[in-house]
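**Q** Below is the file final-v9.cif, which contains mmCIF, N, CA and C atoms.
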```
data_coords
#
loop_
_atom_site.label_atom_id
_atom_site.label_comp_id
_atom_site.auth_asym_id
_atom_site.auth_seq_id
_atom_site.Cartn_x
_atom_site.Cartn_y
_atom_site.Cartn_z
N MET D 1 -15.61 320.28 -57.69
CA MET D 1 -15.18 319.16 -56.90
C MET D 1 -16.31 318.13 -56.76
N LYS D 2 -17.51 318.65 -56.55
CA LYS D 2 -18.67 317.79 -56.40
C LYS D 2 -18.91 316.98 -57.68
N GLN D 3 -18.65 317.58 -58.84
CA GLN D 3 -18.82 316.90 -60.13
C GLN D 3 -17.83 315.75 -60.27
N TYR D 4 -16.60 315.96 -59.82
CA TYR D 4 -15.58 314.90 -59.90
C TYR D 4 -15.95 313.73 -58.99
N PHE D 5 -16.47 314.06 -57.82
CA PHE D 5 -16.89 313.03 -56.89
C PHE D 5 -18.00 312.17 -57.51
N CYS D 6 -18.99 312.82 -58.12
CA CYS D 6 -20.09 312.10 -58.77
C CYS D 6 -19.57 311.25 -59.93
N LEU D 7 -18.63 311.79 -60.69
CA LEU D 7 -18.05 311.06 -61.82
C LEU D 7 -17.32 309.81 -61.33
N ILE D 8 -16.58 309.93 -60.25
CA ILE D 8 -15.87 308.78 -59.69
C ILE D 8 -16.86 307.72 -59.22
N ILE D 9 -17.92 308.13 -58.58
CA ILE D 9 -18.94 307.18 -58.11
C ILE D 9 -19.55 306.44 -59.30
N VAL D 10 -19.89 307.17 -60.36
CA VAL D 10 -20.48 306.55 -61.55
C VAL D 10 -19.51 305.56 -62.19
N LEU D 11 -18.26 305.94 -62.30
CA LEU D 11 -17.26 305.06 -62.89
C LEU D 11 -17.05 303.79 -62.05
N LEU D 12 -16.99 303.96 -60.75
CA LEU D 12 -16.85 302.79 -59.87
C LEU D 12 -18.05 301.85 -60.01
N PHE D 13 -19.22 302.42 -60.10
CA PHE D 13 -20.43 301.61 -60.27
C PHE D 13 -20.38 300.81 -61.57
N GLN D 14 -19.90 301.44 -62.64
CA GLN D 14 -19.80 300.76 -63.92
C GLN D 14 -18.77 299.64 -63.89
N VAL D 15 -17.65 299.86 -63.21
CA VAL D 15 -16.61 298.84 -63.10
C VAL D 15 -17.13 297.64 -62.33
N VAL D 16 -17.81 297.89 -61.23
CA VAL D 16 -18.36 296.80 -60.43
C VAL D 16 -19.38 296.00 -61.24
N ASN D 17 -20.26 296.67 -61.96
CA ASN D 17 -21.26 295.97 -62.77
C ASN D 17 -20.64 295.24 -63.93
N ALA D 18 -19.58 295.75 -64.51
CA ALA D 18 -18.93 295.09 -65.64
C ALA D 18 -18.27 293.79 -65.22
N GLN D 19 -17.86 293.69 -63.96
CA GLN D 19 -17.20 292.49 -63.48
C GLN D 19 -18.19 291.42 -63.03
N THR D 20 -19.45 291.75 -62.94
CA THR D 20 -20.46 290.80 -62.53
C THR D 20 -20.78 289.87 -63.69
N THR D 21 -20.64 288.58 -63.46
CA THR D 21 -20.90 287.59 -64.49
C THR D 21 -22.38 287.25 -64.47
N PRO D 22 -23.05 287.24 -65.65
CA PRO D 22 -24.44 286.82 -65.65
C PRO D 22 -24.55 285.36 -65.21
N ILE D 23 -25.57 285.08 -64.43
CA ILE D 23 -25.75 283.73 -63.91
C ILE D 23 -26.42 282.87 -64.99
N THR D 24 -25.76 281.79 -65.34
CA THR D 24 -26.31 280.85 -66.32
C THR D 24 -26.95 279.69 -65.57
N LYS D 25 -27.68 278.87 -66.31
CA LYS D 25 -28.31 277.73 -65.66
C LYS D 25 -27.28 276.73 -65.16
N VAL D 26 -26.12 276.65 -65.81
CA VAL D 26 -25.06 275.76 -65.33
C VAL D 26 -24.52 276.28 -64.00
N GLN D 27 -24.33 277.60 -63.88
CA GLN D 27 -23.86 278.16 -62.62
C GLN D 27 -24.89 277.96 -61.52
N ASN D 28 -26.16 278.08 -61.85
CA ASN D 28 -27.21 277.83 -60.86
C ASN D 28 -27.20 276.38 -60.41
N ALA D 29 -26.90 275.47 -61.31
CA ALA D 29 -26.90 274.05 -60.97
C ALA D 29 -25.81 273.70 -59.97
N LYS D 30 -24.77 274.52 -59.90
CA LYS D 30 -23.69 274.25 -58.95
C LYS D 30 -24.22 274.26 -57.52
N LYS D 31 -25.35 274.91 -57.30
CA LYS D 31 -25.95 274.92 -55.98
C LYS D 31 -26.62 273.59 -55.67
N ALA D 32 -26.97 272.84 -56.70
CA ALA D 32 -27.62 271.55 -56.50
C ALA D 32 -26.61 270.54 -55.96
N THR D 33 -27.08 269.61 -55.17
CA THR D 33 -26.21 268.58 -54.62
C THR D 33 -25.75 267.62 -55.71
N ILE D 34 -26.66 267.27 -56.63
CA ILE D 34 -26.35 266.32 -57.69
C ILE D 34 -26.69 266.95 -59.04
N ILE D 35 -25.74 266.87 -59.96
CA ILE D 35 -25.97 267.30 -61.33
C ILE D 35 -25.86 266.07 -62.21
N VAL D 36 -26.84 265.88 -63.07
CA VAL D 36 -26.87 264.74 -63.99
C VAL D 36 -26.71 265.29 -65.40
N TYR D 37 -25.66 264.85 -66.08
CA TYR D 37 -25.44 265.18 -67.48
C TYR D 37 -25.82 263.95 -68.29
N GLY D 38 -26.75 264.10 -69.21
CA GLY D 38 -27.18 262.94 -69.98
C GLY D 38 -27.92 263.35 -71.23
N SER D 39 -28.75 262.45 -71.69
CA SER D 39 -29.53 262.66 -72.91
C SER D 39 -30.98 262.29 -72.64
N ALA D 40 -31.89 263.04 -73.23
CA ALA D 40 -33.32 262.76 -73.05
C ALA D 40 -33.72 261.44 -73.69
N SER D 41 -32.89 260.92 -74.58
CA SER D 41 -33.22 259.66 -75.25
C SER D 41 -32.45 258.46 -74.69
N CYS D 42 -31.73 258.67 -73.62
CA CYS D 42 -30.91 257.61 -73.02
C CYS D 42 -31.70 256.88 -71.93
N HIS D 43 -31.83 255.58 -72.09
CA HIS D 43 -32.57 254.76 -71.12
C HIS D 43 -31.97 254.89 -69.71
N PHE D 44 -30.64 254.80 -69.61
CA PHE D 44 -30.00 254.89 -68.30
C PHE D 44 -30.19 256.27 -67.67
N CYS D 45 -30.20 257.30 -68.48
CA CYS D 45 -30.42 258.66 -67.98
C CYS D 45 -31.84 258.82 -67.44
N LEU D 46 -32.79 258.30 -68.17
CA LEU D 46 -34.19 258.37 -67.73
C LEU D 46 -34.39 257.59 -66.44
N GLU D 47 -33.78 256.42 -66.34
CA GLU D 47 -33.90 255.61 -65.13
C GLU D 47 -33.21 256.30 -63.95
N THR D 48 -32.10 256.95 -64.21
CA THR D 48 -31.39 257.68 -63.16
C THR D 48 -32.27 258.80 -62.61
N LYS D 49 -32.88 259.57 -63.51
CA LYS D 49 -33.79 260.64 -63.08
C LYS D 49 -34.95 260.07 -62.28
N LYS D 50 -35.49 258.96 -62.72
CA LYS D 50 -36.61 258.32 -62.03
C LYS D 50 -36.21 257.90 -60.61
N GLN D 51 -35.04 257.28 -60.48
CA GLN D 51 -34.57 256.83 -59.16
C GLN D 51 -34.33 258.01 -58.21
N LEU D 52 -33.74 259.07 -58.73
CA LEU D 52 -33.51 260.26 -57.89
C LEU D 52 -34.83 260.87 -57.44
N THR D 53 -35.78 260.95 -58.35
CA THR D 53 -37.09 261.52 -58.02
C THR D 53 -37.81 260.65 -56.99
N GLU D 54 -37.81 259.34 -57.21
CA GLU D 54 -38.48 258.42 -56.28
C GLU D 54 -37.86 258.47 -54.88
N ASN D 55 -36.56 258.73 -54.82
CA ASN D 55 -35.87 258.81 -53.54
C ASN D 55 -35.84 260.23 -52.97
N LYS D 56 -36.59 261.12 -53.63
CA LYS D 56 -36.73 262.51 -53.18
C LYS D 56 -35.37 263.21 -53.01
N ILE D 57 -34.50 262.97 -53.99
CA ILE D 57 -33.18 263.59 -54.00
C ILE D 57 -33.19 264.72 -55.01
N THR D 58 -32.82 265.91 -54.56
CA THR D 58 -32.80 267.08 -55.43
C THR D 58 -31.66 266.95 -56.43
N PHE D 59 -31.95 267.21 -57.69
CA PHE D 59 -30.92 267.14 -58.73
C PHE D 59 -31.27 268.10 -59.85
N THR D 60 -30.27 268.37 -60.66
CA THR D 60 -30.44 269.16 -61.88
C THR D 60 -30.01 268.29 -63.04
N PHE D 61 -30.83 268.23 -64.08
CA PHE D 61 -30.52 267.43 -65.27
C PHE D 61 -30.21 268.35 -66.44
N PHE D 62 -29.11 268.05 -67.13
CA PHE D 62 -28.76 268.76 -68.35
C PHE D 62 -28.70 267.78 -69.51
N ASP D 63 -29.41 268.11 -70.58
CA ASP D 63 -29.39 267.31 -71.81
C ASP D 63 -28.20 267.78 -72.63
N ILE D 64 -27.14 266.98 -72.64
CA ILE D 64 -25.92 267.38 -73.34
C ILE D 64 -26.06 267.31 -74.86
N ASP D 65 -27.16 266.75 -75.34
CA ASP D 65 -27.41 266.75 -76.79
C ASP D 65 -27.88 268.13 -77.26
N THR D 66 -28.50 268.88 -76.38
CA THR D 66 -29.07 270.18 -76.77
C THR D 66 -28.44 271.37 -76.07
N ASP D 67 -27.65 271.13 -75.03
CA ASP D 67 -27.08 272.22 -74.23
C ASP D 67 -25.55 272.17 -74.31
N ASN D 68 -24.99 272.93 -75.23
CA ASN D 68 -23.54 272.92 -75.44
C ASN D 68 -22.76 273.44 -74.23
N THR D 69 -23.33 274.37 -73.50
CA THR D 69 -22.67 274.89 -72.30
C THR D 69 -22.52 273.78 -71.27
N ALA D 70 -23.58 273.02 -71.08
CA ALA D 70 -23.54 271.90 -70.13
C ALA D 70 -22.57 270.82 -70.62
N LEU D 71 -22.56 270.56 -71.91
CA LEU D 71 -21.63 269.58 -72.48
C LEU D 71 -20.19 270.00 -72.20
N ASP D 72 -19.88 271.25 -72.45
CA ASP D 72 -18.53 271.76 -72.19
C ASP D 72 -18.17 271.65 -70.71
N GLU D 73 -19.13 271.98 -69.85
CA GLU D 73 -18.90 271.89 -68.41
C GLU D 73 -18.64 270.44 -68.00
N MET D 74 -19.42 269.51 -68.54
CA MET D 74 -19.24 268.09 -68.23
C MET D 74 -17.86 267.62 -68.67
N LEU D 75 -17.47 267.96 -69.90
CA LEU D 75 -16.17 267.54 -70.43
C LEU D 75 -15.03 268.12 -69.60
N SER D 76 -15.19 269.35 -69.16
CA SER D 76 -14.18 269.99 -68.31
C SER D 76 -14.05 269.24 -66.97
N LYS D 77 -15.17 268.89 -66.39
CA LYS D 77 -15.15 268.17 -65.11
C LYS D 77 -14.52 266.78 -65.28
N LEU D 78 -14.84 266.11 -66.38
CA LEU D 78 -14.26 264.79 -66.63
C LEU D 78 -12.74 264.90 -66.78
N LYS D 79 -12.30 265.90 -67.51
CA LYS D 79 -10.86 266.10 -67.72
C LYS D 79 -10.16 266.39 -66.39
N LYS D 80 -10.77 267.26 -65.59
CA LYS D 80 -10.19 267.62 -64.29
C LYS D 80 -10.11 266.41 -63.37
N ALA D 81 -11.08 265.49 -63.49
CA ALA D 81 -11.11 264.29 -62.65
C ALA D 81 -10.31 263.14 -63.27
N ASN D 82 -9.61 263.42 -64.37
CA ASN D 82 -8.82 262.40 -65.09
C ASN D 82 -9.65 261.19 -65.51
N ILE D 83 -10.87 261.46 -65.97
CA ILE D 83 -11.74 260.40 -66.47
C ILE D 83 -11.74 260.48 -67.99
N SER D 84 -11.38 259.39 -68.63
CA SER D 84 -11.30 259.35 -70.09
C SER D 84 -12.69 259.46 -70.71
N THR D 85 -12.75 260.15 -71.84
CA THR D 85 -14.03 260.26 -72.55
C THR D 85 -14.17 259.18 -73.62
N LYS D 86 -13.17 258.32 -73.75
CA LYS D 86 -13.28 257.20 -74.68
C LYS D 86 -14.25 256.19 -74.08
N ASN D 87 -15.20 255.76 -74.87
CA ASN D 87 -16.23 254.80 -74.42
C ASN D 87 -16.94 255.26 -73.15
N LEU D 88 -17.19 256.55 -73.07
CA LEU D 88 -17.83 257.12 -71.89
C LEU D 88 -19.31 256.73 -71.86
N GLY D 89 -19.74 256.23 -70.72
CA GLY D 89 -21.15 255.91 -70.54
C GLY D 89 -21.86 257.07 -69.89
N ILE D 90 -23.08 257.33 -70.32
CA ILE D 90 -23.87 258.36 -69.67
C ILE D 90 -25.00 257.69 -68.92
N PRO D 91 -25.48 258.34 -67.90
CA PRO D 91 -25.22 259.71 -67.49
C PRO D 91 -23.88 259.88 -66.77
N VAL D 92 -23.42 261.11 -66.76
CA VAL D 92 -22.26 261.52 -65.96
C VAL D 92 -22.83 262.29 -64.77
N ILE D 93 -22.30 261.98 -63.60
CA ILE D 93 -22.83 262.55 -62.36
C ILE D 93 -21.78 263.43 -61.70
N ASP D 94 -22.23 264.57 -61.21
CA ASP D 94 -21.43 265.39 -60.32
C ASP D 94 -22.17 265.39 -58.99
N LYS D 95 -21.67 264.58 -58.07
CA LYS D 95 -22.29 264.45 -56.75
C LYS D 95 -21.41 265.15 -55.73
N GLU D 96 -21.76 266.39 -55.44
CA GLU D 96 -21.01 267.21 -54.49
C GLU D 96 -19.53 267.27 -54.85
N GLY D 97 -19.24 267.38 -56.15
CA GLY D 97 -17.86 267.48 -56.62
C GLY D 97 -17.22 266.17 -57.00
N GLU D 98 -17.83 265.05 -56.66
CA GLU D 98 -17.33 263.74 -57.07
C GLU D 98 -17.93 263.43 -58.44
N ILE D 99 -17.06 263.19 -59.42
CA ILE D 99 -17.50 262.95 -60.79
C ILE D 99 -17.39 261.46 -61.10
N PHE D 100 -18.47 260.89 -61.62
CA PHE D 100 -18.44 259.50 -62.06
C PHE D 100 -19.48 259.29 -63.15
N SER D 101 -19.30 258.20 -63.89
CA SER D 101 -20.21 257.94 -65.01
C SER D 101 -20.70 256.50 -64.95
N ASN D 102 -21.61 256.21 -65.84
CA ASN D 102 -22.21 254.89 -65.92
C ASN D 102 -21.32 253.98 -66.77
N ASN D 103 -20.14 253.66 -66.25
CA ASN D 103 -19.24 252.75 -66.96
C ASN D 103 -19.10 251.42 -66.23
N THR D 104 -19.99 251.17 -65.30
CA THR D 104 -19.97 249.92 -64.55
C THR D 104 -21.35 249.26 -64.70
N ASN D 105 -21.57 248.25 -63.92
CA ASN D 105 -22.89 247.65 -63.83
C ASN D 105 -23.86 248.74 -63.39
N PHE D 106 -25.02 248.85 -64.05
CA PHE D 106 -25.93 249.94 -63.76
C PHE D 106 -26.44 249.91 -62.32
N GLU D 107 -26.64 248.73 -61.77
CA GLU D 107 -27.08 248.64 -60.37
C GLU D 107 -26.01 249.19 -59.43
N ASP D 108 -24.74 248.92 -59.71
CA ASP D 108 -23.65 249.48 -58.91
C ASP D 108 -23.59 251.00 -59.05
N PHE D 109 -23.82 251.46 -60.27
CA PHE D 109 -23.87 252.89 -60.53
C PHE D 109 -24.96 253.56 -59.68
N LEU D 110 -26.15 252.96 -59.66
CA LEU D 110 -27.25 253.53 -58.88
C LEU D 110 -26.95 253.51 -57.38
N LYS D 111 -26.32 252.44 -56.90
CA LYS D 111 -25.96 252.37 -55.48
C LYS D 111 -25.02 253.52 -55.12
N LYS D 112 -24.02 253.76 -55.97
CA LYS D 112 -23.08 254.85 -55.71
C LYS D 112 -23.80 256.20 -55.74
N LEU D 113 -24.73 256.33 -56.65
CA LEU D 113 -25.48 257.58 -56.79
C LEU D 113 -26.37 257.84 -55.58
N LEU D 114 -27.05 256.82 -55.11
CA LEU D 114 -28.07 257.00 -54.07
C LEU D 114 -27.52 256.95 -52.65
N HIS D 115 -26.26 256.56 -52.49
CA HIS D 115 -25.71 256.47 -51.12
C HIS D 115 -24.55 257.39 -50.91
#
```
Kindly present the structure from the file in C-alpha cells form.
**A**
Amino acid sequence: MKQYFCLIIVLLFQVVNAQTTPITKVQNAKKATIIVYGSASCHFCLETKKQLTENKITFTFFDIDTDNTALDEMLSKLKKANISTKNLGIPVIDKEGEIFSNNTNFEDFLKKLLH
C-alpha cells in the first residue's frame, strides 16, 4: 500500500511539472509596464528608447528583426487590437495592454507614449 501511495505522489509531481510552461523573455516582459517592439536600426525606435530612458520609464525592448518569438507576439497583439499591418510604422508599443504604433506624427506618438 505504501508503494502505491509513493507511486501516486511521484506521478502527481510529474503531471504538475509537465504542465509548467518555461518562462520566456516575452512572458517576462508582460510584467513590464511598457513593451517596445522595434528594430535596432530604426531611428524612431532608438529615439523612443532614449525618451523612455530619459523619463525614467521602465520598459522592455524587443528587436523584431532578430527575435521571432517577439515578432509573433507583436503580430498577435496587433491582430487582436484590429490594427492593420499594412504600412505599419515601428516601433509598436504595448502600454499596459493598449497597443499602438508610430503611424502618426512622431511627436504625437511620443506624447501618447509618455503620458
**Q** List the residues matched by the PyMOL selection byres ((chain D and resi 59) around 6) in the displayed structure as a list in words, ordered by chain and then by residue number.
**A** Ala32, Thr33, Ile34, Ile35, Val36, Ile57, Thr58, Thr60 and Phe61 of chain D
**Q** Separation of CA of Ala70 (chain D) and CA of Tyr37 (chain D), in Å?
**A**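 Taking CA of Ala70 (chain D) and CA of Tyr37 (chain D), their separation equals 7.5 Å.
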**Q** Quick one: residues within 8 Å of region 104-109 of chain D, all atoms listed in the file counted, chain neighbours fewer than 6 positions away excluded, as an MDAnalysis selection string?
**A** chainID D and resid 44 89 115
**Q** On this structure, which residues satisfy the PyMOL selection byres (((chain D and resi 101 and name CA) around 12) and name CA), written as a ChimeraX atom specification?
**A** /D:35-38,44-45,48,74-75,77-78,81,83-95,98-100,102-106,108-110,112-113
**Q** Could you write out the selected residues, including N, CA and C atoms, as a compact mmCIF listing (two decimals), in the frame of the given file?
**A**
```txt
# COMPACT_ATOMS: atom_id res chain seq x y z
N ILE D 35 -25.74 266.87 -59.96
CA ILE D 35 -25.97 267.30 -61.33
C ILE D 35 -25.86 266.07 -62.21
N VAL D 36 -26.84 265.88 -63.07
CA VAL D 36 -26.87 264.74 -63.99
C VAL D 36 -26.71 265.29 -65.40
N TYR D 37 -25.66 264.85 -66.08
CA TYR D 37 -25.44 265.18 -67.48
C TYR D 37 -25.82 263.95 -68.29
N GLY D 38 -26.75 264.10 -69.21
CA GLY D 38 -27.18 262.94 -69.98
C GLY D 38 -27.92 263.35 -71.23
N PHE D 44 -30.64 254.80 -69.61
CA PHE D 44 -30.00 254.89 -68.30
C PHE D 44 -30.19 256.27 -67.67
N CYS D 45 -30.20 257.30 -68.48
CA CYS D 45 -30.42 258.66 -67.98
C CYS D 45 -31.84 258.82 -67.44
N THR D 48 -32.10 256.95 -64.21
CA THR D 48 -31.39 257.68 -63.16
C THR D 48 -32.27 258.80 -62.61
N MET D 74 -19.42 269.51 -68.54
CA MET D 74 -19.24 268.09 -68.23
C MET D 74 -17.86 267.62 -68.67
N LEU D 75 -17.47 267.96 -69.90
CA LEU D 75 -16.17 267.54 -70.43
C LEU D 75 -15.03 268.12 -69.60
N LYS D 77 -15.17 268.89 -66.39
CA LYS D 77 -15.15 268.17 -65.11
C LYS D 77 -14.52 266.78 -65.28
N LEU D 78 -14.84 266.11 -66.38
CA LEU D 78 -14.26 264.79 -66.63
C LEU D 78 -12.74 264.90 -66.78
N ALA D 81 -11.08 265.49 -63.49
CA ALA D 81 -11.11 264.29 -62.65
C ALA D 81 -10.31 263.14 -63.27
N ILE D 83 -10.87 261.46 -65.97
CA ILE D 83 -11.74 260.40 -66.47
C ILE D 83 -11.74 260.48 -67.99
N SER D 84 -11.38 259.39 -68.63
CA SER D 84 -11.30 259.35 -70.09
C SER D 84 -12.69 259.46 -70.71
N THR D 85 -12.75 260.15 -71.84
CA THR D 85 -14.03 260.26 -72.55
C THR D 85 -14.17 259.18 -73.62
N LYS D 86 -13.17 258.32 -73.75
CA LYS D 86 -13.28 257.20 -74.68
C LYS D 86 -14.25 256.19 -74.08
N ASN D 87 -15.20 255.76 -74.87
CA ASN D 87 -16.23 254.80 -74.42
C ASN D 87 -16.94 255.26 -73.15
N LEU D 88 -17.19 256.55 -73.07
CA LEU D 88 -17.83 257.12 -71.89
C LEU D 88 -19.31 256.73 -71.86
N GLY D 89 -19.74 256.23 -70.72
CA GLY D 89 -21.15 255.91 -70.54
C GLY D 89 -21.86 257.07 -69.89
N ILE D 90 -23.08 257.33 -70.32
CA ILE D 90 -23.87 258.36 -69.67
C ILE D 90 -25.00 257.69 -68.92
N PRO D 91 -25.48 258.34 -67.90
CA PRO D 91 -25.22 259.71 -67.49
C PRO D 91 -23.88 259.88 -66.77
N VAL D 92 -23.42 261.11 -66.76
CA VAL D 92 -22.26 261.52 -65.96
C VAL D 92 -22.83 262.29 -64.77
N ILE D 93 -22.30 261.98 -63.60
CA ILE D 93 -22.83 262.55 -62.36
C ILE D 93 -21.78 263.43 -61.70
N ASP D 94 -22.23 264.57 -61.21
CA ASP D 94 -21.43 265.39 -60.32
C ASP D 94 -22.17 265.39 -58.99
N LYS D 95 -21.67 264.58 -58.07
CA LYS D 95 -22.29 264.45 -56.75
C LYS D 95 -21.41 265.15 -55.73
N GLU D 98 -17.83 265.05 -56.66
CA GLU D 98 -17.33 263.74 -57.07
C GLU D 98 -17.93 263.43 -58.44
N ILE D 99 -17.06 263.19 -59.42
CA ILE D 99 -17.50 262.95 -60.79
C ILE D 99 -17.39 261.46 -61.10
N PHE D 100 -18.47 260.89 -61.62
CA PHE D 100 -18.44 259.50 -62.06
C PHE D 100 -19.48 259.29 -63.15
N ASN D 102 -21.61 256.21 -65.84
CA ASN D 102 -22.21 254.89 -65.92
C ASN D 102 -21.32 253.98 -66.77
N ASN D 103 -20.14 253.66 -66.25
CA ASN D 103 -19.24 252.75 -66.96
C ASN D 103 -19.10 251.42 -66.23
N THR D 104 -19.99 251.17 -65.30
CA THR D 104 -19.97 249.92 -64.55
C THR D 104 -21.35 249.26 -64.70
N ASN D 105 -21.57 248.25 -63.92
CA ASN D 105 -22.89 247.65 -63.83
C ASN D 105 -23.86 248.74 -63.39
N PHE D 106 -25.02 248.85 -64.05
CA PHE D 106 -25.93 249.94 -63.76
C PHE D 106 -26.44 249.91 -62.32
N ASP D 108 -24.74 248.92 -59.71
CA ASP D 108 -23.65 249.48 -58.91
C ASP D 108 -23.59 251.00 -59.05
N PHE D 109 -23.82 251.46 -60.27
CA PHE D 109 -23.87 252.89 -60.53
C PHE D 109 -24.96 253.56 -59.68
N LEU D 110 -26.15 252.96 -59.66
CA LEU D 110 -27.25 253.53 -58.88
C LEU D 110 -26.95 253.51 -57.38
N LYS D 112 -24.02 253.76 -55.97
CA LYS D 112 -23.08 254.85 -55.71
C LYS D 112 -23.80 256.20 -55.74
N LEU D 113 -24.73 256.33 -56.65
CA LEU D 113 -25.48 257.58 -56.79
C LEU D 113 -26.37 257.84 -55.58
```
**Q** State, in Å with one decimal place, the distance from CA of Asp72 (chain D) to CA of Lys49 (chain D).
**A**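 CA of Lys49 (chain D) lies at a distance of 21.0 Å from CA of Asp72 (chain D).
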**Q** For the atom pair atom N of Thr69 (chain D) and atom N of His43 (chain D), what is the interatomic distance in Å to one decimal place?
**A**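 Interatomic distance here is 20.7 Å.
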**Q** Apply DSSP to the structure's backbone, then extract all residues of region 19-113 of chain D labelled helix (DSSP H, G or I) and return them as JSON, numbers by chain.
**A** {"D": [19, 25, 26, 27, 28, 29, 43, 44, 45, 46, 47, 48, 49, 50, 51, 52, 53, 54, 68, 69, 70, 71, 72, 73, 74, 75, 76, 77, 78, 79, 80, 106, 107, 108, 109, 110, 111, 112, 113]}
**Q** Give the padded box for region 76-85 of chain D as AutoDock Vina command-line options: axis-aligned, covering all atoms listed in the file, 8 Å on each side, centre and edge lengths in Å to one decimal.
**A**
```
--center_x -12.0 --center_y 264.6 --center_z -68.1 --size_x 22.4 --size_y 26.8 --size_z 27.0
```
**Q** Any idea what's packed within 10 Å of Asp65 (chain D), counting only C-alpha atoms, ignoring anything in its chain fewer than 2 positions away? Could you give it as a list in words?
**A** Tyr37, Gly38, Ser39, Ala40, Ser41, Phe62, Asp63, Asp67, Asn68, Ala70 and Leu71 of chain D
**Q** As a tab-separated table (two decimals), keeping the file's coordinate frame, please: region 35-48 of chain D completed to N, CA, C and O atoms.
**A**
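Dumped everything to rebuild18.tsv:
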```tsv
chain	number	residue	atom	x	y	z
D	35	ILE	N	-25.74	266.87	-59.96
D	35	ILE	CA	-25.97	267.30	-61.33
D	35	ILE	C	-25.86	266.07	-62.21
D	35	ILE	O	-24.90	265.30	-62.10
D	36	VAL	N	-26.84	265.88	-63.07
D	36	VAL	CA	-26.87	264.74	-63.99
D	36	VAL	C	-26.71	265.29	-65.40
D	36	VAL	O	-27.51	266.11	-65.85
D	37	TYR	N	-25.66	264.85	-66.08
D	37	TYR	CA	-25.44	265.18	-67.48
D	37	TYR	C	-25.82	263.95	-68.29
D	37	TYR	O	-25.28	262.87	-68.06
D	38	GLY	N	-26.75	264.10	-69.21
D	38	GLY	CA	-27.18	262.94	-69.98
D	38	GLY	C	-27.92	263.35	-71.23
D	38	GLY	O	-27.76	264.46	-71.74
D	39	SER	N	-28.75	262.45	-71.69
D	39	SER	CA	-29.53	262.66	-72.91
D	39	SER	C	-30.98	262.29	-72.64
D	39	SER	O	-31.26	261.31	-71.93
D	40	ALA	N	-31.89	263.04	-73.23
D	40	ALA	CA	-33.32	262.76	-73.05
D	40	ALA	C	-33.72	261.44	-73.69
D	40	ALA	O	-34.76	260.88	-73.36
D	41	SER	N	-32.89	260.92	-74.58
D	41	SER	CA	-33.22	259.66	-75.25
D	41	SER	C	-32.45	258.46	-74.69
D	41	SER	O	-32.55	257.35	-75.21
D	42	CYS	N	-31.73	258.67	-73.62
D	42	CYS	CA	-30.91	257.61	-73.02
D	42	CYS	C	-31.70	256.88	-71.93
D	42	CYS	O	-32.14	257.50	-70.95
D	43	HIS	N	-31.83	255.58	-72.09
D	43	HIS	CA	-32.57	254.76	-71.12
D	43	HIS	C	-31.97	254.89	-69.71
D	43	HIS	O	-32.70	255.07	-68.72
D	44	PHE	N	-30.64	254.80	-69.61
D	44	PHE	CA	-30.00	254.89	-68.30
D	44	PHE	C	-30.19	256.27	-67.67
D	44	PHE	O	-30.33	256.39	-66.46
D	45	CYS	N	-30.20	257.30	-68.48
D	45	CYS	CA	-30.42	258.66	-67.98
D	45	CYS	C	-31.84	258.82	-67.44
D	45	CYS	O	-32.04	259.40	-66.37
D	46	LEU	N	-32.79	258.30	-68.17
D	46	LEU	CA	-34.19	258.37	-67.73
D	46	LEU	C	-34.39	257.59	-66.44
D	46	LEU	O	-35.09	258.04	-65.52
D	47	GLU	N	-33.78	256.42	-66.34
D	47	GLU	CA	-33.90	255.61	-65.13
D	47	GLU	C	-33.21	256.30	-63.95
D	47	GLU	O	-33.70	256.25	-62.82
D	48	THR	N	-32.10	256.95	-64.21
D	48	THR	CA	-31.39	257.68	-63.16
D	48	THR	C	-32.27	258.80	-62.61
D	48	THR	O	-32.41	258.97	-61.39
```
